[in-house]
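S.K.: My questions all concern the structure below.
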Amino acid sequence: MDRQEIIKKTELFIKETLSKDSTGHDWWHIHRVRNLAKLIARKEGADIFVVELAALLHDIGDYKFFQGNEEAGEEKVREWLSFLEISPSLIDKIVEITSKISFMHTLPAKGKRSNKKNFPIPTLSKELMAVTDADRLDAMGAIGIARAFTYGGFFNRPIYDPAIKPNKSITKEEYKITEAPSINHFYEKLLKLKNMMYTPLGKKKAKKRHRFLKLYLKEFFKEWKGKM
Ligand code: ADP
Ligand code: NI
């Protein structure tokens, strides 16, 4: 099977898989991440084929958040790539990306609270950096805001509750089960993303999207207090 055919088949598989999902992982998120990841990959001289495949497959593992099975996602990716008869070494490369991309995995475990500047920076492939930056960018800016409230709405979270303070040093365990208002998510994840970018283009774009997040919060609280 040639590369173009592999991409086309994977695209159809993902569209079909995600159409049955209603937890906030829609096809258009995948579409945006794929395009951003390719843009970053070109700048970084990363392998575009690996980046595109990993971007397409990066969220099918996210079922784990809802069924509690952290290995299910990796298995699903492996199964699909084996079906396409992709070489084992290439499968490993792609699984490396799809299993390491998650923000949640960067959070400290219980009893190991980190400070803001304490994110682990392991040695990562250019392909992993491109897809991760793209996924994180899509959680920021105007689109990130829309996604946060969509997620919150789906899980019946209030927009904001002044009595429930954000937990800025949230642990992995707490993040998994939080039922906090959607605004808290800005402090627990979205505002942290700018300093977690790996690539120069990712950093540049994150700076702008971060600025918009801050502006949005400023307006939000002005309106909340009736000052606008
Ligand atoms: P991603 O594909 O970006 O890794 P996630 O599975 O972490 O996505 O979440 C999907 C979207 O929902 C993201 O934009 C994320 O920021 C948002 N989200 C995740 N958890 C929450 C939450 N507790 N409150 C509001 N939004 C959330
Ligand atoms: Ni994603």
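We name chains A, B, ... following the order of the structure tokens; residues begin at 1 in each chain, and ligands are numbered from 1 as shown.
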Would you list the residues that come within 6 Å of ligand 1? Count only C-alpha atoms and all ligand atoms and give the answer as a PyMOL selection string.

M.R.: chain A and resi 24+59+102+135-136+139+144+147-149+151-152+182+185

S.K.: Please write out the residues within 9 Å of ligand 2 as a list in words, counting only C-alpha atoms and all ligand atoms.

M.R.: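 Those within range of ligand 2 are His25, His29, Ile30, Val33, Ala55, His58, Asp59, Ile60, Asp62, Ile101, Ser102, Thr132, Ala134, Asp135, Arg136, Asp138 and Ala139 of chain A.
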
S.K.: Let me make sure I understand: among A:Lys194, A:Arg157, A:Arg78, A:Arg211, which one has the smallest atom-to-atom distance to Ser99 of chain A if we use only C-alpha atoms?

M.R.: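 Closest residue, counting only C-alpha atoms: A:Arg78.
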
S.K.: Can you tell me, as a list of chain:residue names, what residues are no more than 8 Å from Ala130 of chain A when counting only C-alpha atoms, ignoring any on the same chain fewer than 2 positions away?

M.R.: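 The residues that qualify are A:Ala37, A:Lys38, A:Ile40, A:Ala41, A:Glu44, A:Ala46, A:Val51, A:Lys126, A:Glu127, A:Leu128, A:Thr132, A:Asp133, A:Ala134, A:Tyr198, A:Thr199, A:Gly202.
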
S.K.: Restricted to C-alpha atoms, what would the selected residues look like written as a PDB file, in the first residue's frame?

M.R.:
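That gives us out11.pdb:
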ATOM      1  CA  ALA A  37       1.456  19.463  12.926  1.00  0.00           C
ATOM      2  CA  LYS A  38       2.422  19.296   9.246  1.00  0.00           C
ATOM      3  CA  ILE A  40       5.467  22.630  12.267  1.00  0.00           C
ATOM      4  CA  ALA A  41       6.980  19.410  10.898  1.00  0.00           C
ATOM      5  CA  GLU A  44      11.496  21.284  11.862  1.00  0.00           C
ATOM      6  CA  ALA A  46      10.495  16.111  10.674  1.00  0.00           C
ATOM      7  CA  VAL A  51       3.595  13.194  11.735  1.00  0.00           C
ATOM      8  CA  LYS A 126      10.952  15.979  16.089  1.00  0.00           C
ATOM      9  CA  GLU A 127       7.797  14.143  15.049  1.00  0.00           C
ATOM     10  CA  LEU A 128       6.538  13.872  18.628  1.00  0.00           C
ATOM     11  CA  THR A 132       2.287  17.533  20.634  1.00  0.00           C
ATOM     12  CA  ASP A 133       2.693  21.261  19.959  1.00  0.00           C
ATOM     13  CA  ALA A 134      -0.143  21.127  17.430  1.00  0.00           C
ATOM     14  CA  TYR A 198       8.771  22.391  22.147  1.00  0.00           C
ATOM     15  CA  THR A 199       9.288  23.974  18.722  1.00  0.00           C
ATOM     16  CA  GLY A 202       4.797  26.214  18.353  1.00  0.00           C
TER      17      GLY A 202
END

S.K.: Calculate how many Å separate atom CA of Arg209 of chain A from atom CA of Lys189 of chain A, rounding to one decimal.

M.R.: 13.6 Å

S.K.: Could you name the residues that touch Glu16 of chain A at 12 Å or less, counting only C-alpha atoms, but leaving out those on the same chain fewer than 6 positions away, as a list of chain:residue names?

M.R.: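 Using only C-alpha atoms, the neighbours found are A:Lys9, A:Thr10, A:Asp26, A:Trp27, A:Ile60.
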
S.K.: With N, CA and C atoms retained, write the just-selected residues as a short mmCIF file (atom, residue, chain, number, x, y, z; two decimals), in the first residue's frame.

M.R.:
data_model
loop_
_atom_site.label_atom_id
_atom_site.label_comp_id
_atom_site.auth_asym_id
_atom_site.auth_seq_id
_atom_site.Cartn_x
_atom_site.Cartn_y
_atom_site.Cartn_z
N LYS A 9 -6.90 5.89 4.00
CA LYS A 9 -7.62 4.84 4.74
C LYS A 9 -7.72 5.21 6.23
N THR A 10 -6.63 5.75 6.78
CA THR A 10 -6.61 6.13 8.20
C THR A 10 -7.59 7.27 8.45
N ASP A 26 -13.79 15.66 18.31
CA ASP A 26 -14.44 15.59 17.02
C ASP A 26 -13.43 15.58 15.88
N TRP A 27 -13.90 15.22 14.69
CA TRP A 27 -13.04 15.13 13.52
C TRP A 27 -12.32 16.45 13.25
N ILE A 60 -7.53 8.61 19.31
CA ILE A 60 -8.38 7.43 19.48
C ILE A 60 -8.07 6.73 20.81
#

S.K.: Using DSSP assignments from the backbone, pull out every residue in segment 27-157 of chain A that falls under helix (DSSP H, G or I) and give it to me as a PyMOL selection string.

M.R.: chain A and resi 27-44+48-57+60-67+72-83+88-100+104-106+126-137+141-154

S.K.: Okay, now the selection with C-alpha atoms, as a tab-separated table (two decimals), in the first residue's frame?

M.R.:
chain	number	residue	atom	x	y	z
A	27	TRP	CA	-13.04	15.13	13.52
A	28	TRP	CA	-12.37	18.87	13.09
A	29	HIS	CA	-10.00	18.85	16.07
A	30	ILE	CA	-8.06	16.07	14.32
A	31	HIS	CA	-8.18	18.00	11.05
A	32	ARG	CA	-6.73	21.16	12.68
A	33	VAL	CA	-4.06	19.24	14.59
A	34	ARG	CA	-3.02	17.42	11.44
A	35	ASN	CA	-2.59	20.67	9.49
A	36	LEU	CA	-0.77	22.48	12.30
A	37	ALA	CA	1.46	19.46	12.93
A	38	LYS	CA	2.42	19.30	9.25
A	39	LEU	CA	3.21	23.01	9.23
A	40	ILE	CA	5.47	22.63	12.27
A	41	ALA	CA	6.98	19.41	10.90
A	42	ARG	CA	8.02	21.12	7.67
A	43	LYS	CA	9.83	23.84	9.63
A	44	GLU	CA	11.50	21.28	11.86
A	48	ILE	CA	5.80	14.34	7.41
A	49	PHE	CA	4.35	10.86	6.88
A	50	VAL	CA	4.93	9.85	10.51
A	51	VAL	CA	3.59	13.19	11.73
A	52	GLU	CA	0.45	12.99	9.64
A	53	LEU	CA	-0.34	9.42	10.68
A	54	ALA	CA	0.30	10.14	14.35
A	55	ALA	CA	-1.81	13.32	14.22
A	56	LEU	CA	-4.70	11.39	12.67
A	57	LEU	CA	-4.45	8.66	15.31
A	60	ILE	CA	-8.38	7.43	19.48
A	61	GLY	CA	-6.50	6.48	22.64
A	62	ASP	CA	-8.45	9.04	24.60
A	63	TYR	CA	-11.22	6.56	25.24
A	64	LYS	CA	-8.99	5.55	28.15
A	65	PHE	CA	-10.01	8.66	30.06
A	66	PHE	CA	-13.57	7.52	30.07
A	67	GLN	CA	-13.21	3.79	30.48
A	72	ALA	CA	-6.67	0.49	25.25
A	73	GLY	CA	-5.62	3.44	23.09
A	74	GLU	CA	-2.17	2.09	22.33
A	75	GLU	CA	-3.63	-1.30	21.43
A	76	LYS	CA	-6.12	0.31	19.07
A	77	VAL	CA	-3.39	2.26	17.27
A	78	ARG	CA	-1.19	-0.86	16.95
A	79	GLU	CA	-4.08	-2.92	15.67
A	80	TRP	CA	-4.94	-0.42	12.98
A	81	LEU	CA	-1.34	0.06	11.80
A	82	SER	CA	-0.72	-3.70	11.73
A	83	PHE	CA	-3.84	-4.09	9.62
A	88	PRO	CA	6.98	-2.78	13.25
A	89	SER	CA	9.62	-0.06	13.65
A	90	LEU	CA	7.33	2.56	12.11
A	91	ILE	CA	4.45	1.36	14.29
A	92	ASP	CA	6.64	1.86	17.37
A	93	LYS	CA	7.51	5.37	16.23
A	94	ILE	CA	3.86	6.33	15.84
A	95	VAL	CA	2.75	4.68	19.09
A	96	GLU	CA	5.55	6.54	20.87
A	97	ILE	CA	3.85	9.77	19.78
A	98	THR	CA	0.23	8.84	20.40
A	99	SER	CA	0.97	7.46	23.86
A	100	LYS	CA	3.16	10.36	25.04
A	104	MET	CA	-2.32	14.64	31.78
A	105	HIS	CA	0.81	12.50	31.70
A	106	THR	CA	2.96	15.59	32.28
A	126	LYS	CA	10.95	15.98	16.09
A	127	GLU	CA	7.80	14.14	15.05
A	128	LEU	CA	6.54	13.87	18.63
A	129	MET	CA	7.29	17.55	19.24
A	130	ALA	CA	5.38	18.63	16.11
A	131	VAL	CA	2.23	16.64	16.93
A	132	THR	CA	2.29	17.53	20.63
A	133	ASP	CA	2.69	21.26	19.96
A	134	ALA	CA	-0.14	21.13	17.43
A	135	ASP	CA	-2.48	19.33	19.86
A	136	ARG	CA	-1.67	21.80	22.62
A	137	LEU	CA	-2.16	24.82	20.35
A	141	GLY	CA	-6.80	30.68	21.86
A	142	ALA	CA	-10.34	31.17	20.55
A	143	ILE	CA	-10.70	27.52	19.57
A	144	GLY	CA	-9.36	26.30	22.90
A	145	ILE	CA	-11.96	28.43	24.70
A	146	ALA	CA	-14.76	26.99	22.57
A	147	ARG	CA	-13.51	23.47	23.26
A	148	ALA	CA	-13.27	24.02	27.02
A	149	PHE	CA	-16.89	25.14	27.29
A	150	THR	CA	-18.06	22.39	24.95
A	151	TYR	CA	-16.34	19.85	27.20
A	152	GLY	CA	-17.78	21.51	30.30
A	153	GLY	CA	-21.28	21.53	28.81
A	154	PHE	CA	-21.10	17.88	27.87

S.K.: What does the distance between atom CA of Tyr160 of chain A and atom CA of Glu219 of chain A come to in Å, to one decimal place?

M.R.: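 Separation of atom CA of Tyr160 of chain A and atom CA of Glu219 of chain A: 13.7 Å.
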
S.K.: Using only C-alpha atoms, which residues sit within 10 Å of Phe212 of chain A once same-chain residues fewer than 4 positions away are excluded, as a list of chain:residue names?

M.R.: A:Met140, A:Gly141, A:Ala142, A:Ile145, A:Ala206, A:Lys207, A:Lys208, A:Tyr216, A:Leu217, A:Lys218
